[in-house]
$ cat entry_39.txt   # compact mmCIF, N, CA and C atoms
# COMPACT_ATOMS: atom_id res chain seq x y z
N MET A 1 42.38 -22.06 16.40
CA MET A 1 41.71 -23.02 15.58
C MET A 1 42.72 -24.04 15.08
N ASN A 2 42.45 -25.29 15.30
CA ASN A 2 43.37 -26.33 14.87
C ASN A 2 42.88 -27.11 13.66
N ASN A 3 41.69 -26.86 13.22
CA ASN A 3 41.15 -27.61 12.09
C ASN A 3 41.52 -26.95 10.77
N ALA A 4 41.62 -27.79 9.74
CA ALA A 4 41.87 -27.25 8.40
C ALA A 4 40.64 -26.52 7.94
N GLN A 5 40.85 -25.40 7.32
CA GLN A 5 39.73 -24.62 6.81
C GLN A 5 39.92 -24.44 5.32
N SER A 6 38.83 -24.42 4.63
CA SER A 6 38.87 -24.24 3.19
C SER A 6 38.66 -22.77 2.86
N VAL A 7 39.60 -22.22 2.13
CA VAL A 7 39.47 -20.86 1.67
C VAL A 7 39.51 -20.94 0.15
N GLY A 8 38.53 -20.38 -0.49
CA GLY A 8 38.54 -20.52 -1.94
C GLY A 8 37.71 -19.48 -2.63
N ASN A 9 37.88 -19.43 -3.91
CA ASN A 9 37.10 -18.55 -4.77
C ASN A 9 36.25 -19.39 -5.68
N SER A 10 35.11 -18.89 -5.99
CA SER A 10 34.26 -19.55 -6.96
C SER A 10 33.83 -18.50 -7.97
N VAL A 11 34.08 -18.79 -9.21
CA VAL A 11 33.73 -17.85 -10.27
C VAL A 11 32.74 -18.55 -11.18
N ALA A 12 31.61 -17.92 -11.44
CA ALA A 12 30.61 -18.51 -12.31
C ALA A 12 30.32 -17.58 -13.47
N SER A 13 30.11 -18.15 -14.60
CA SER A 13 29.75 -17.39 -15.79
C SER A 13 28.35 -17.80 -16.21
N THR A 14 27.45 -16.85 -16.31
CA THR A 14 26.07 -17.19 -16.65
C THR A 14 25.91 -17.62 -18.09
N SER A 15 26.77 -17.15 -18.98
CA SER A 15 26.60 -17.49 -20.39
C SER A 15 26.98 -18.94 -20.69
N ASN A 16 28.03 -19.44 -20.07
CA ASN A 16 28.48 -20.80 -20.35
C ASN A 16 28.24 -21.76 -19.19
N GLN A 17 27.73 -21.27 -18.10
CA GLN A 17 27.51 -22.08 -16.91
C GLN A 17 28.81 -22.75 -16.45
N VAL A 18 29.90 -21.99 -16.45
CA VAL A 18 31.20 -22.49 -16.03
C VAL A 18 31.45 -22.07 -14.60
N GLU A 19 31.91 -23.01 -13.79
CA GLU A 19 32.23 -22.69 -12.40
C GLU A 19 33.65 -23.13 -12.12
N PHE A 20 34.39 -22.29 -11.46
CA PHE A 20 35.76 -22.58 -11.10
C PHE A 20 35.88 -22.46 -9.60
N SER A 21 36.50 -23.44 -8.98
CA SER A 21 36.62 -23.44 -7.53
C SER A 21 38.06 -23.76 -7.16
N THR A 22 38.56 -23.11 -6.11
CA THR A 22 39.91 -23.34 -5.63
C THR A 22 39.84 -23.79 -4.18
N PHE A 23 40.60 -24.82 -3.84
CA PHE A 23 40.65 -25.30 -2.47
C PHE A 23 42.06 -25.14 -1.94
N ILE A 24 42.19 -24.48 -0.79
CA ILE A 24 43.49 -24.31 -0.15
C ILE A 24 43.33 -24.71 1.32
N PRO A 25 43.99 -25.81 1.74
CA PRO A 25 43.88 -26.21 3.15
C PRO A 25 44.72 -25.28 4.03
N LEU A 26 44.10 -24.71 5.05
CA LEU A 26 44.78 -23.78 5.95
C LEU A 26 44.53 -24.15 7.40
N LYS A 27 45.47 -23.78 8.23
CA LYS A 27 45.32 -23.93 9.68
C LYS A 27 45.79 -22.62 10.30
N PHE A 28 44.97 -22.06 11.18
CA PHE A 28 45.33 -20.82 11.86
C PHE A 28 45.82 -21.17 13.27
N VAL A 29 47.00 -20.65 13.64
CA VAL A 29 47.54 -20.88 14.98
C VAL A 29 47.97 -19.53 15.57
N LYS A 30 47.96 -19.45 16.89
CA LYS A 30 48.40 -18.24 17.59
C LYS A 30 49.87 -18.39 17.95
N ARG A 31 50.66 -17.39 17.56
CA ARG A 31 52.08 -17.37 17.90
C ARG A 31 52.42 -15.95 18.34
N GLY A 32 52.82 -15.82 19.57
CA GLY A 32 53.21 -14.50 20.08
C GLY A 32 52.08 -13.48 19.99
N GLY A 33 50.87 -13.93 20.20
CA GLY A 33 49.73 -13.03 20.18
C GLY A 33 49.20 -12.73 18.78
N HIS A 34 49.83 -13.29 17.76
CA HIS A 34 49.38 -13.07 16.38
C HIS A 34 48.88 -14.38 15.78
N SER A 35 47.91 -14.26 14.92
CA SER A 35 47.45 -15.44 14.18
C SER A 35 48.37 -15.67 12.99
N VAL A 36 48.78 -16.91 12.84
CA VAL A 36 49.67 -17.30 11.75
C VAL A 36 48.99 -18.42 10.97
N VAL A 37 49.13 -18.36 9.66
CA VAL A 37 48.56 -19.40 8.80
C VAL A 37 49.64 -20.41 8.48
N GLU A 38 49.34 -21.68 8.69
CA GLU A 38 50.26 -22.74 8.29
C GLU A 38 49.45 -23.92 7.77
N PRO A 39 50.07 -24.75 6.95
CA PRO A 39 49.33 -25.91 6.43
C PRO A 39 49.06 -26.91 7.55
N PRO A 40 47.94 -27.61 7.48
CA PRO A 40 47.65 -28.62 8.50
C PRO A 40 48.65 -29.78 8.40
N GLU A 41 48.80 -30.53 9.50
CA GLU A 41 49.74 -31.65 9.53
C GLU A 41 49.39 -32.69 8.47
N ASN A 42 48.13 -32.90 8.24
CA ASN A 42 47.68 -33.92 7.30
C ASN A 42 47.34 -33.31 5.94
N VAL A 43 48.16 -32.35 5.49
CA VAL A 43 47.86 -31.63 4.25
C VAL A 43 47.73 -32.56 3.05
N ALA A 44 48.55 -33.61 2.99
CA ALA A 44 48.48 -34.53 1.85
C ALA A 44 47.12 -35.23 1.82
N GLN A 45 46.63 -35.65 2.98
CA GLN A 45 45.32 -36.33 3.04
C GLN A 45 44.20 -35.35 2.72
N VAL A 46 44.29 -34.14 3.22
CA VAL A 46 43.26 -33.14 2.96
C VAL A 46 43.17 -32.86 1.47
N ILE A 47 44.32 -32.71 0.82
CA ILE A 47 44.33 -32.46 -0.62
C ILE A 47 43.80 -33.68 -1.37
N LYS A 48 44.20 -34.87 -0.94
CA LYS A 48 43.74 -36.10 -1.60
C LYS A 48 42.22 -36.22 -1.50
N ASP A 49 41.65 -35.88 -0.34
CA ASP A 49 40.20 -35.97 -0.16
C ASP A 49 39.46 -35.05 -1.13
N HIS A 50 40.08 -33.94 -1.49
CA HIS A 50 39.43 -32.99 -2.40
C HIS A 50 39.81 -33.24 -3.85
N ALA A 51 40.74 -34.17 -4.09
CA ALA A 51 41.19 -34.43 -5.45
C ALA A 51 40.19 -35.27 -6.24
N GLN A 52 39.35 -36.03 -5.55
CA GLN A 52 38.39 -36.90 -6.23
C GLN A 52 37.12 -36.13 -6.55
N LEU A 53 37.24 -35.26 -7.51
CA LEU A 53 36.08 -34.50 -7.94
C LEU A 53 35.46 -35.20 -9.14
N PRO A 54 34.15 -35.12 -9.28
CA PRO A 54 33.48 -35.77 -10.40
C PRO A 54 33.93 -35.21 -11.75
N ASP A 55 33.90 -36.06 -12.75
CA ASP A 55 34.18 -35.67 -14.14
C ASP A 55 32.96 -34.89 -14.62
N THR A 56 33.11 -33.58 -14.78
CA THR A 56 31.95 -32.73 -15.08
C THR A 56 31.31 -33.07 -16.42
N LYS A 57 32.10 -33.44 -17.41
CA LYS A 57 31.51 -33.80 -18.71
C LYS A 57 30.70 -35.08 -18.60
N LEU A 58 31.19 -36.04 -17.82
CA LEU A 58 30.46 -37.29 -17.65
C LEU A 58 29.19 -37.07 -16.84
N VAL A 59 29.27 -36.26 -15.80
CA VAL A 59 28.07 -35.93 -15.01
C VAL A 59 27.06 -35.19 -15.88
N GLU A 60 27.53 -34.27 -16.71
CA GLU A 60 26.63 -33.56 -17.62
C GLU A 60 25.98 -34.53 -18.60
N GLY A 61 26.74 -35.49 -19.09
CA GLY A 61 26.19 -36.50 -19.99
C GLY A 61 25.12 -37.33 -19.31
N LEU A 62 25.37 -37.73 -18.06
CA LEU A 62 24.36 -38.47 -17.29
C LEU A 62 23.10 -37.64 -17.11
N THR A 63 23.29 -36.38 -16.77
CA THR A 63 22.15 -35.48 -16.55
C THR A 63 21.31 -35.35 -17.81
N ARG A 64 21.97 -35.12 -18.92
CA ARG A 64 21.24 -35.01 -20.19
C ARG A 64 20.51 -36.31 -20.51
N ALA A 65 21.19 -37.44 -20.33
CA ALA A 65 20.60 -38.73 -20.66
C ALA A 65 19.31 -38.96 -19.88
N PHE A 66 19.35 -38.72 -18.58
CA PHE A 66 18.16 -38.96 -17.76
C PHE A 66 17.07 -37.92 -18.05
N TYR A 67 17.46 -36.71 -18.36
CA TYR A 67 16.48 -35.69 -18.73
C TYR A 67 15.79 -36.08 -20.03
N TRP A 68 16.57 -36.48 -21.02
CA TRP A 68 15.99 -36.87 -22.30
C TRP A 68 15.10 -38.10 -22.15
N GLN A 69 15.53 -39.05 -21.32
CA GLN A 69 14.71 -40.24 -21.10
C GLN A 69 13.38 -39.86 -20.46
N ARG A 70 13.43 -38.91 -19.55
CA ARG A 70 12.20 -38.43 -18.91
C ARG A 70 11.27 -37.78 -19.94
N LEU A 71 11.82 -37.00 -20.86
CA LEU A 71 11.00 -36.40 -21.91
C LEU A 71 10.29 -37.47 -22.74
N ILE A 72 10.99 -38.54 -23.03
CA ILE A 72 10.39 -39.64 -23.79
C ILE A 72 9.34 -40.35 -22.95
N ASP A 73 9.68 -40.66 -21.69
CA ASP A 73 8.75 -41.37 -20.81
C ASP A 73 7.45 -40.60 -20.59
N GLU A 74 7.55 -39.27 -20.53
CA GLU A 74 6.36 -38.45 -20.29
C GLU A 74 5.63 -38.08 -21.58
N GLY A 75 6.13 -38.56 -22.71
CA GLY A 75 5.47 -38.31 -23.98
C GLY A 75 5.66 -36.91 -24.54
N ILE A 76 6.60 -36.16 -23.99
CA ILE A 76 6.86 -34.80 -24.48
C ILE A 76 7.53 -34.87 -25.85
N VAL A 77 8.41 -35.85 -26.02
CA VAL A 77 8.99 -36.15 -27.34
C VAL A 77 8.81 -37.64 -27.58
N ARG A 78 8.92 -38.04 -28.84
CA ARG A 78 8.68 -39.45 -29.16
C ARG A 78 9.95 -40.28 -29.21
N SER A 79 11.09 -39.65 -29.52
CA SER A 79 12.30 -40.45 -29.70
C SER A 79 13.55 -39.57 -29.59
N GLY A 80 14.69 -40.27 -29.62
CA GLY A 80 15.97 -39.57 -29.64
C GLY A 80 16.15 -38.74 -30.90
N VAL A 81 15.51 -39.16 -31.98
CA VAL A 81 15.58 -38.40 -33.23
C VAL A 81 14.98 -37.02 -33.03
N GLU A 82 13.84 -36.97 -32.37
CA GLU A 82 13.17 -35.69 -32.12
C GLU A 82 14.00 -34.82 -31.17
N ILE A 83 14.59 -35.45 -30.17
CA ILE A 83 15.47 -34.71 -29.24
C ILE A 83 16.65 -34.13 -30.00
N ALA A 84 17.27 -34.94 -30.85
CA ALA A 84 18.43 -34.48 -31.63
C ALA A 84 18.05 -33.29 -32.50
N ARG A 85 16.89 -33.35 -33.11
CA ARG A 85 16.43 -32.25 -33.96
C ARG A 85 16.25 -30.98 -33.13
N GLN A 86 15.60 -31.11 -31.96
CA GLN A 86 15.33 -29.94 -31.12
C GLN A 86 16.61 -29.36 -30.52
N GLU A 87 17.56 -30.23 -30.18
CA GLU A 87 18.80 -29.78 -29.55
C GLU A 87 19.87 -29.39 -30.56
N GLY A 88 19.63 -29.66 -31.83
CA GLY A 88 20.62 -29.37 -32.85
C GLY A 88 21.83 -30.28 -32.78
N LEU A 89 21.59 -31.52 -32.37
CA LEU A 89 22.67 -32.50 -32.23
C LEU A 89 22.49 -33.63 -33.23
N ASP A 90 23.55 -34.37 -33.44
CA ASP A 90 23.47 -35.55 -34.28
C ASP A 90 22.69 -36.63 -33.53
N GLN A 91 21.91 -37.40 -34.26
CA GLN A 91 21.10 -38.46 -33.64
C GLN A 91 21.97 -39.47 -32.91
N ALA A 92 23.12 -39.82 -33.47
CA ALA A 92 24.02 -40.78 -32.82
C ALA A 92 24.52 -40.25 -31.47
N THR A 93 24.78 -38.96 -31.39
CA THR A 93 25.23 -38.35 -30.14
C THR A 93 24.18 -38.51 -29.05
N VAL A 94 22.94 -38.24 -29.39
CA VAL A 94 21.84 -38.37 -28.42
C VAL A 94 21.69 -39.82 -28.00
N ASN A 95 21.70 -40.74 -28.95
CA ASN A 95 21.51 -42.16 -28.62
C ASN A 95 22.66 -42.70 -27.78
N GLU A 96 23.90 -42.31 -28.10
CA GLU A 96 25.05 -42.74 -27.30
C GLU A 96 24.94 -42.23 -25.88
N CYS A 97 24.54 -40.99 -25.74
CA CYS A 97 24.39 -40.39 -24.41
C CYS A 97 23.28 -41.07 -23.62
N MET A 98 22.18 -41.38 -24.29
CA MET A 98 21.05 -41.99 -23.59
C MET A 98 21.34 -43.40 -23.08
N ARG A 99 22.38 -44.04 -23.63
CA ARG A 99 22.76 -45.36 -23.13
C ARG A 99 23.21 -45.29 -21.67
N LEU A 100 23.62 -44.12 -21.21
CA LEU A 100 24.06 -43.97 -19.83
C LEU A 100 22.94 -44.27 -18.83
N THR A 101 21.69 -44.18 -19.28
CA THR A 101 20.57 -44.48 -18.38
C THR A 101 20.50 -45.97 -18.06
N LEU A 102 21.25 -46.80 -18.78
CA LEU A 102 21.25 -48.24 -18.55
C LEU A 102 22.28 -48.68 -17.51
N LEU A 103 23.05 -47.73 -17.00
CA LEU A 103 24.09 -48.07 -16.03
C LEU A 103 23.52 -48.49 -14.69
N ASP A 104 24.25 -49.38 -14.04
CA ASP A 104 23.92 -49.80 -12.67
C ASP A 104 23.95 -48.56 -11.77
N PRO A 105 22.95 -48.40 -10.90
CA PRO A 105 22.95 -47.24 -9.99
C PRO A 105 24.23 -47.10 -9.16
N LYS A 106 24.89 -48.21 -8.84
CA LYS A 106 26.15 -48.11 -8.08
C LYS A 106 27.24 -47.46 -8.93
N ILE A 107 27.24 -47.75 -10.22
CA ILE A 107 28.22 -47.13 -11.11
C ILE A 107 27.90 -45.65 -11.27
N ILE A 108 26.61 -45.33 -11.38
CA ILE A 108 26.20 -43.93 -11.47
C ILE A 108 26.64 -43.18 -10.22
N ASP A 109 26.45 -43.79 -9.04
CA ASP A 109 26.89 -43.16 -7.79
C ASP A 109 28.40 -42.91 -7.81
N SER A 110 29.17 -43.88 -8.28
CA SER A 110 30.63 -43.69 -8.31
C SER A 110 31.01 -42.56 -9.26
N ILE A 111 30.27 -42.41 -10.36
CA ILE A 111 30.53 -41.31 -11.30
C ILE A 111 30.21 -39.98 -10.62
N LEU A 112 29.08 -39.91 -9.93
CA LEU A 112 28.68 -38.67 -9.27
C LEU A 112 29.64 -38.29 -8.14
N GLN A 113 30.27 -39.29 -7.51
CA GLN A 113 31.22 -39.03 -6.44
C GLN A 113 32.64 -38.84 -6.96
N GLY A 114 32.86 -39.12 -8.23
CA GLY A 114 34.20 -38.97 -8.81
C GLY A 114 35.12 -40.12 -8.50
N THR A 115 34.58 -41.28 -8.13
CA THR A 115 35.41 -42.42 -7.75
C THR A 115 35.44 -43.51 -8.82
N GLN A 116 34.89 -43.24 -10.00
CA GLN A 116 34.94 -44.23 -11.08
C GLN A 116 36.38 -44.35 -11.57
N PRO A 117 36.72 -45.45 -12.25
CA PRO A 117 38.08 -45.57 -12.79
C PRO A 117 38.43 -44.38 -13.68
N LYS A 118 39.67 -43.94 -13.64
CA LYS A 118 40.09 -42.73 -14.36
C LYS A 118 39.83 -42.81 -15.86
N GLY A 119 39.93 -43.98 -16.44
CA GLY A 119 39.70 -44.11 -17.87
C GLY A 119 38.24 -44.10 -18.27
N LEU A 120 37.37 -44.13 -17.29
CA LEU A 120 35.93 -44.18 -17.56
C LEU A 120 35.40 -42.76 -17.66
N ASN A 121 35.37 -42.24 -18.88
CA ASN A 121 34.89 -40.88 -19.11
C ASN A 121 33.84 -40.91 -20.22
N LEU A 122 33.30 -39.76 -20.55
CA LEU A 122 32.23 -39.70 -21.55
C LEU A 122 32.72 -40.21 -22.90
N HIS A 123 33.95 -39.90 -23.25
CA HIS A 123 34.51 -40.39 -24.52
C HIS A 123 34.54 -41.92 -24.55
N TRP A 124 34.90 -42.54 -23.42
CA TRP A 124 34.95 -44.01 -23.35
C TRP A 124 33.58 -44.59 -23.69
N PHE A 125 32.52 -44.00 -23.16
CA PHE A 125 31.17 -44.52 -23.40
C PHE A 125 30.76 -44.40 -24.87
N THR A 126 31.31 -43.44 -25.59
CA THR A 126 30.96 -43.31 -27.01
C THR A 126 31.67 -44.35 -27.86
N LYS A 127 32.72 -44.94 -27.34
CA LYS A 127 33.51 -45.91 -28.11
C LYS A 127 33.28 -47.37 -27.70
N HIS A 128 32.60 -47.61 -26.59
CA HIS A 128 32.42 -48.97 -26.08
C HIS A 128 30.95 -49.26 -25.82
N THR A 129 30.61 -50.53 -25.89
CA THR A 129 29.24 -50.93 -25.58
C THR A 129 29.09 -51.08 -24.07
N ILE A 130 27.88 -50.90 -23.61
CA ILE A 130 27.57 -51.09 -22.19
C ILE A 130 26.81 -52.40 -22.06
N PRO A 131 27.34 -53.37 -21.31
CA PRO A 131 26.61 -54.62 -21.14
C PRO A 131 25.25 -54.38 -20.50
N ALA A 132 24.28 -55.20 -20.86
CA ALA A 132 22.93 -55.05 -20.31
C ALA A 132 22.87 -55.45 -18.84
N LEU A 133 23.60 -56.49 -18.47
CA LEU A 133 23.57 -56.96 -17.09
C LEU A 133 24.50 -56.12 -16.22
N TRP A 134 24.00 -55.71 -15.07
CA TRP A 134 24.80 -54.88 -14.18
C TRP A 134 26.06 -55.60 -13.72
N SER A 135 25.98 -56.91 -13.48
CA SER A 135 27.16 -57.66 -13.05
C SER A 135 28.25 -57.62 -14.12
N GLU A 136 27.84 -57.68 -15.40
CA GLU A 136 28.81 -57.59 -16.49
C GLU A 136 29.39 -56.18 -16.59
N GLN A 137 28.57 -55.18 -16.29
CA GLN A 137 29.07 -53.81 -16.28
C GLN A 137 30.18 -53.66 -15.25
N HIS A 138 29.95 -54.22 -14.06
CA HIS A 138 30.96 -54.12 -13.00
C HIS A 138 32.25 -54.80 -13.43
N GLY A 139 32.13 -55.96 -14.08
CA GLY A 139 33.31 -56.67 -14.55
C GLY A 139 34.09 -55.84 -15.57
N LYS A 140 33.37 -55.23 -16.48
CA LYS A 140 34.02 -54.41 -17.52
C LYS A 140 34.70 -53.19 -16.91
N PHE A 141 34.03 -52.54 -15.97
CA PHE A 141 34.59 -51.34 -15.36
C PHE A 141 35.73 -51.68 -14.40
N GLN A 142 35.67 -52.87 -13.79
CA GLN A 142 36.78 -53.31 -12.94
C GLN A 142 38.03 -53.54 -13.79
N ALA A 143 37.83 -54.06 -15.01
CA ALA A 143 38.95 -54.27 -15.92
C ALA A 143 39.62 -52.94 -16.27
N ILE A 144 38.83 -51.88 -16.39
CA ILE A 144 39.39 -50.55 -16.66
C ILE A 144 40.24 -50.11 -15.47
N ALA A 145 39.70 -50.31 -14.27
CA ALA A 145 40.43 -49.91 -13.06
C ALA A 145 41.72 -50.71 -12.91
N ASP A 146 41.67 -52.01 -13.22
CA ASP A 146 42.85 -52.86 -13.09
C ASP A 146 43.93 -52.52 -14.11
N SER A 147 43.53 -51.97 -15.25
CA SER A 147 44.50 -51.66 -16.31
C SER A 147 45.28 -50.37 -16.02
N GLN A 148 44.92 -49.67 -14.98
CA GLN A 148 45.59 -48.39 -14.70
C GLN A 148 46.64 -48.52 -13.64

$ encode --input "entry_39.txt" --output "structure tokens"
Amino acid sequence: MNNAQSVGNSVASTSNQVEFSTFIPLKFVKRGGHSVVEPPENVAQVIKDHAQLPDTKLVEGLTRAFYWQRLIDEGIVRSGVEIARQEGLDQATVNECMRLTLLDPKIIDSILQGTQPKGLNLHWFTKHTIPALWSEQHGKFQAIADSQ
């Protein structure tokens, strides 16, 4: 086998919904009738390809925001205040999180793929305003990427 293979462990905890995954690029080659494990020639690229993992807190924030917006849209709850009360969260926390639903779908895709600028995390969204126009959002997020 000449292709890199992923060997890893995944550990999940049901109480906290925590998942841990390990990626190790391997290549199996035959030497003297025995299989030997060695790193693939392009190990740096293989590792780089797996390094762009999504920011789990930001993805979780997006998930909550769209879920909460759906609850409001379907009339299950009336407002972020009601969501905050039910979830035991501060109203400002819910409202800040729900602003993520205003993001350009292309920006959301980059967040889900882990390719957003490194400084663009959930904490950043709590401290900065999100422009209403998608073109302005791209400009603001490009400035974050350029500053790194």

$ select_by_dssp --input "entry_39.txt" --residues "stretch 57-124 of chain A" --states "alpha helix (DSSP H)" --output "MDAnalysis selection string"
chainID A and resid 57:73 80:87 91:98 105:113 122:124

$ write_last_selection --input "entry_39.txt" --atoms "N, CA and C atoms" --output "compact mmCIF listing (two decimals), in the frame of the given file"
# COMPACT_ATOMS: atom_id res chain seq x y z
N LYS A 57 32.10 -33.44 -17.41
CA LYS A 57 31.51 -33.80 -18.71
C LYS A 57 30.70 -35.08 -18.60
N LEU A 58 31.19 -36.04 -17.82
CA LEU A 58 30.46 -37.29 -17.65
C LEU A 58 29.19 -37.07 -16.84
N VAL A 59 29.27 -36.26 -15.80
CA VAL A 59 28.07 -35.93 -15.01
C VAL A 59 27.06 -35.19 -15.88
N GLU A 60 27.53 -34.27 -16.71
CA GLU A 60 26.63 -33.56 -17.62
C GLU A 60 25.98 -34.53 -18.60
N GLY A 61 26.74 -35.49 -19.09
CA GLY A 61 26.19 -36.50 -19.99
C GLY A 61 25.12 -37.33 -19.31
N LEU A 62 25.37 -37.73 -18.06
CA LEU A 62 24.36 -38.47 -17.29
C LEU A 62 23.10 -37.64 -17.11
N THR A 63 23.29 -36.38 -16.77
CA THR A 63 22.15 -35.48 -16.55
C THR A 63 21.31 -35.35 -17.81
N ARG A 64 21.97 -35.12 -18.92
CA ARG A 64 21.24 -35.01 -20.19
C ARG A 64 20.51 -36.31 -20.51
N ALA A 65 21.19 -37.44 -20.33
CA ALA A 65 20.60 -38.73 -20.66
C ALA A 65 19.31 -38.96 -19.88
N PHE A 66 19.35 -38.72 -18.58
CA PHE A 66 18.16 -38.96 -17.76
C PHE A 66 17.07 -37.92 -18.05
N TYR A 67 17.46 -36.71 -18.36
CA TYR A 67 16.48 -35.69 -18.73
C TYR A 67 15.79 -36.08 -20.03
N TRP A 68 16.57 -36.48 -21.02
CA TRP A 68 15.99 -36.87 -22.30
C TRP A 68 15.10 -38.10 -22.15
N GLN A 69 15.53 -39.05 -21.32
CA GLN A 69 14.71 -40.24 -21.10
C GLN A 69 13.38 -39.86 -20.46
N ARG A 70 13.43 -38.91 -19.55
CA ARG A 70 12.20 -38.43 -18.91
C ARG A 70 11.27 -37.78 -19.94
N LEU A 71 11.82 -37.00 -20.86
CA LEU A 71 11.00 -36.40 -21.91
C LEU A 71 10.29 -37.47 -22.74
N ILE A 72 10.99 -38.54 -23.03
CA ILE A 72 10.39 -39.64 -23.79
C ILE A 72 9.34 -40.35 -22.95
N ASP A 73 9.68 -40.66 -21.69
CA ASP A 73 8.75 -41.37 -20.81
C ASP A 73 7.45 -40.60 -20.59
N GLY A 80 14.69 -40.27 -29.62
CA GLY A 80 15.97 -39.57 -29.64
C GLY A 80 16.15 -38.74 -30.90
N VAL A 81 15.51 -39.16 -31.98
CA VAL A 81 15.58 -38.40 -33.23
C VAL A 81 14.98 -37.02 -33.03
N GLU A 82 13.84 -36.97 -32.37
CA GLU A 82 13.17 -35.69 -32.12
C GLU A 82 14.00 -34.82 -31.17
N ILE A 83 14.59 -35.45 -30.17
CA ILE A 83 15.47 -34.71 -29.24
C ILE A 83 16.65 -34.13 -30.00
N ALA A 84 17.27 -34.94 -30.85
CA ALA A 84 18.43 -34.48 -31.63
C ALA A 84 18.05 -33.29 -32.50
N ARG A 85 16.89 -33.35 -33.11
CA ARG A 85 16.43 -32.25 -33.96
C ARG A 85 16.25 -30.98 -33.13
N GLN A 86 15.60 -31.11 -31.96
CA GLN A 86 15.33 -29.94 -31.12
C GLN A 86 16.61 -29.36 -30.52
N GLU A 87 17.56 -30.23 -30.18
CA GLU A 87 18.80 -29.78 -29.55
C GLU A 87 19.87 -29.39 -30.56
N GLN A 91 21.91 -37.40 -34.26
CA GLN A 91 21.10 -38.46 -33.64
C GLN A 91 21.97 -39.47 -32.91
N ALA A 92 23.12 -39.82 -33.47
CA ALA A 92 24.02 -40.78 -32.82
C ALA A 92 24.52 -40.25 -31.47
N THR A 93 24.78 -38.96 -31.39
CA THR A 93 25.23 -38.35 -30.14
C THR A 93 24.18 -38.51 -29.05
N VAL A 94 22.94 -38.24 -29.39
CA VAL A 94 21.84 -38.37 -28.42
C VAL A 94 21.69 -39.82 -28.00
N ASN A 95 21.70 -40.74 -28.95
CA ASN A 95 21.51 -42.16 -28.62
C ASN A 95 22.66 -42.70 -27.78
N GLU A 96 23.90 -42.31 -28.10
CA GLU A 96 25.05 -42.74 -27.30
C GLU A 96 24.94 -42.23 -25.88
N CYS A 97 24.54 -40.99 -25.74
CA CYS A 97 24.39 -40.39 -24.41
C CYS A 97 23.28 -41.07 -23.62
N MET A 98 22.18 -41.38 -24.29
CA MET A 98 21.05 -41.99 -23.59
C MET A 98 21.34 -43.40 -23.08
N PRO A 105 22.95 -48.40 -10.90
CA PRO A 105 22.95 -47.24 -9.99
C PRO A 105 24.23 -47.10 -9.16
N LYS A 106 24.89 -48.21 -8.84
CA LYS A 106 26.15 -48.11 -8.08
C LYS A 106 27.24 -47.46 -8.93
N ILE A 107 27.24 -47.75 -10.22
CA ILE A 107 28.22 -47.13 -11.11
C ILE A 107 27.90 -45.65 -11.27
N ILE A 108 26.61 -45.33 -11.38
CA ILE A 108 26.20 -43.93 -11.47
C ILE A 108 26.64 -43.18 -10.22
N ASP A 109 26.45 -43.79 -9.04
CA ASP A 109 26.89 -43.16 -7.79
C ASP A 109 28.40 -42.91 -7.81
N SER A 110 29.17 -43.88 -8.28
CA SER A 110 30.63 -43.69 -8.31
C SER A 110 31.01 -42.56 -9.26
N ILE A 111 30.27 -42.41 -10.36
CA ILE A 111 30.53 -41.31 -11.30
C ILE A 111 30.21 -39.98 -10.62
N LEU A 112 29.08 -39.91 -9.93
CA LEU A 112 28.68 -38.67 -9.27
C LEU A 112 29.64 -38.29 -8.14
N GLN A 113 30.27 -39.29 -7.51
CA GLN A 113 31.22 -39.03 -6.44
C GLN A 113 32.64 -38.84 -6.96
N LEU A 122 33.30 -39.76 -20.55
CA LEU A 122 32.23 -39.70 -21.55
C LEU A 122 32.72 -40.21 -22.90
N HIS A 123 33.95 -39.90 -23.25
CA HIS A 123 34.51 -40.39 -24.52
C HIS A 123 34.54 -41.92 -24.55
N TRP A 124 34.90 -42.54 -23.42
CA TRP A 124 34.95 -44.01 -23.35
C TRP A 124 33.58 -44.59 -23.69

$ atom_distance --input "entry_39.txt" --atom1 "atom CA of A:Lys127" --atom2 "atom CA of A:Leu53"
23.3 Å

$ select_by_dssp --input "entry_39.txt" --residues "stretch 21-143 of chain A" --states "strand (DSSP E)" --output "compact mmCIF listing (two decimals) with N, CA and C atoms, in the frame of the given file"
# COMPACT_ATOMS: atom_id res chain seq x y z
N SER A 21 36.50 -23.44 -8.98
CA SER A 21 36.62 -23.44 -7.53
C SER A 21 38.06 -23.76 -7.16
N ILE A 24 42.19 -24.48 -0.79
CA ILE A 24 43.49 -24.31 -0.15
C ILE A 24 43.33 -24.71 1.32
N PRO A 25 43.99 -25.81 1.74
CA PRO A 25 43.88 -26.21 3.15
C PRO A 25 44.72 -25.28 4.03
N LEU A 26 44.10 -24.71 5.05
CA LEU A 26 44.78 -23.78 5.95
C LEU A 26 44.53 -24.15 7.40
N LYS A 27 45.47 -23.78 8.23
CA LYS A 27 45.32 -23.93 9.68
C LYS A 27 45.79 -22.62 10.30
N PHE A 28 44.97 -22.06 11.18
CA PHE A 28 45.33 -20.82 11.86
C PHE A 28 45.82 -21.17 13.27
N VAL A 29 47.00 -20.65 13.64
CA VAL A 29 47.54 -20.88 14.98
C VAL A 29 47.97 -19.53 15.57
N LYS A 30 47.96 -19.45 16.89
CA LYS A 30 48.40 -18.24 17.59
C LYS A 30 49.87 -18.39 17.95
N ARG A 31 50.66 -17.39 17.56
CA ARG A 31 52.08 -17.37 17.90
C ARG A 31 52.42 -15.95 18.34
N HIS A 34 49.83 -13.29 17.76
CA HIS A 34 49.38 -13.07 16.38
C HIS A 34 48.88 -14.38 15.78
N SER A 35 47.91 -14.26 14.92
CA SER A 35 47.45 -15.44 14.18
C SER A 35 48.37 -15.67 12.99
N VAL A 36 48.78 -16.91 12.84
CA VAL A 36 49.67 -17.30 11.75
C VAL A 36 48.99 -18.42 10.97
N VAL A 37 49.13 -18.36 9.66
CA VAL A 37 48.56 -19.40 8.80
C VAL A 37 49.64 -20.41 8.48
N GLU A 38 49.34 -21.68 8.69
CA GLU A 38 50.26 -22.74 8.29
C GLU A 38 49.45 -23.92 7.77
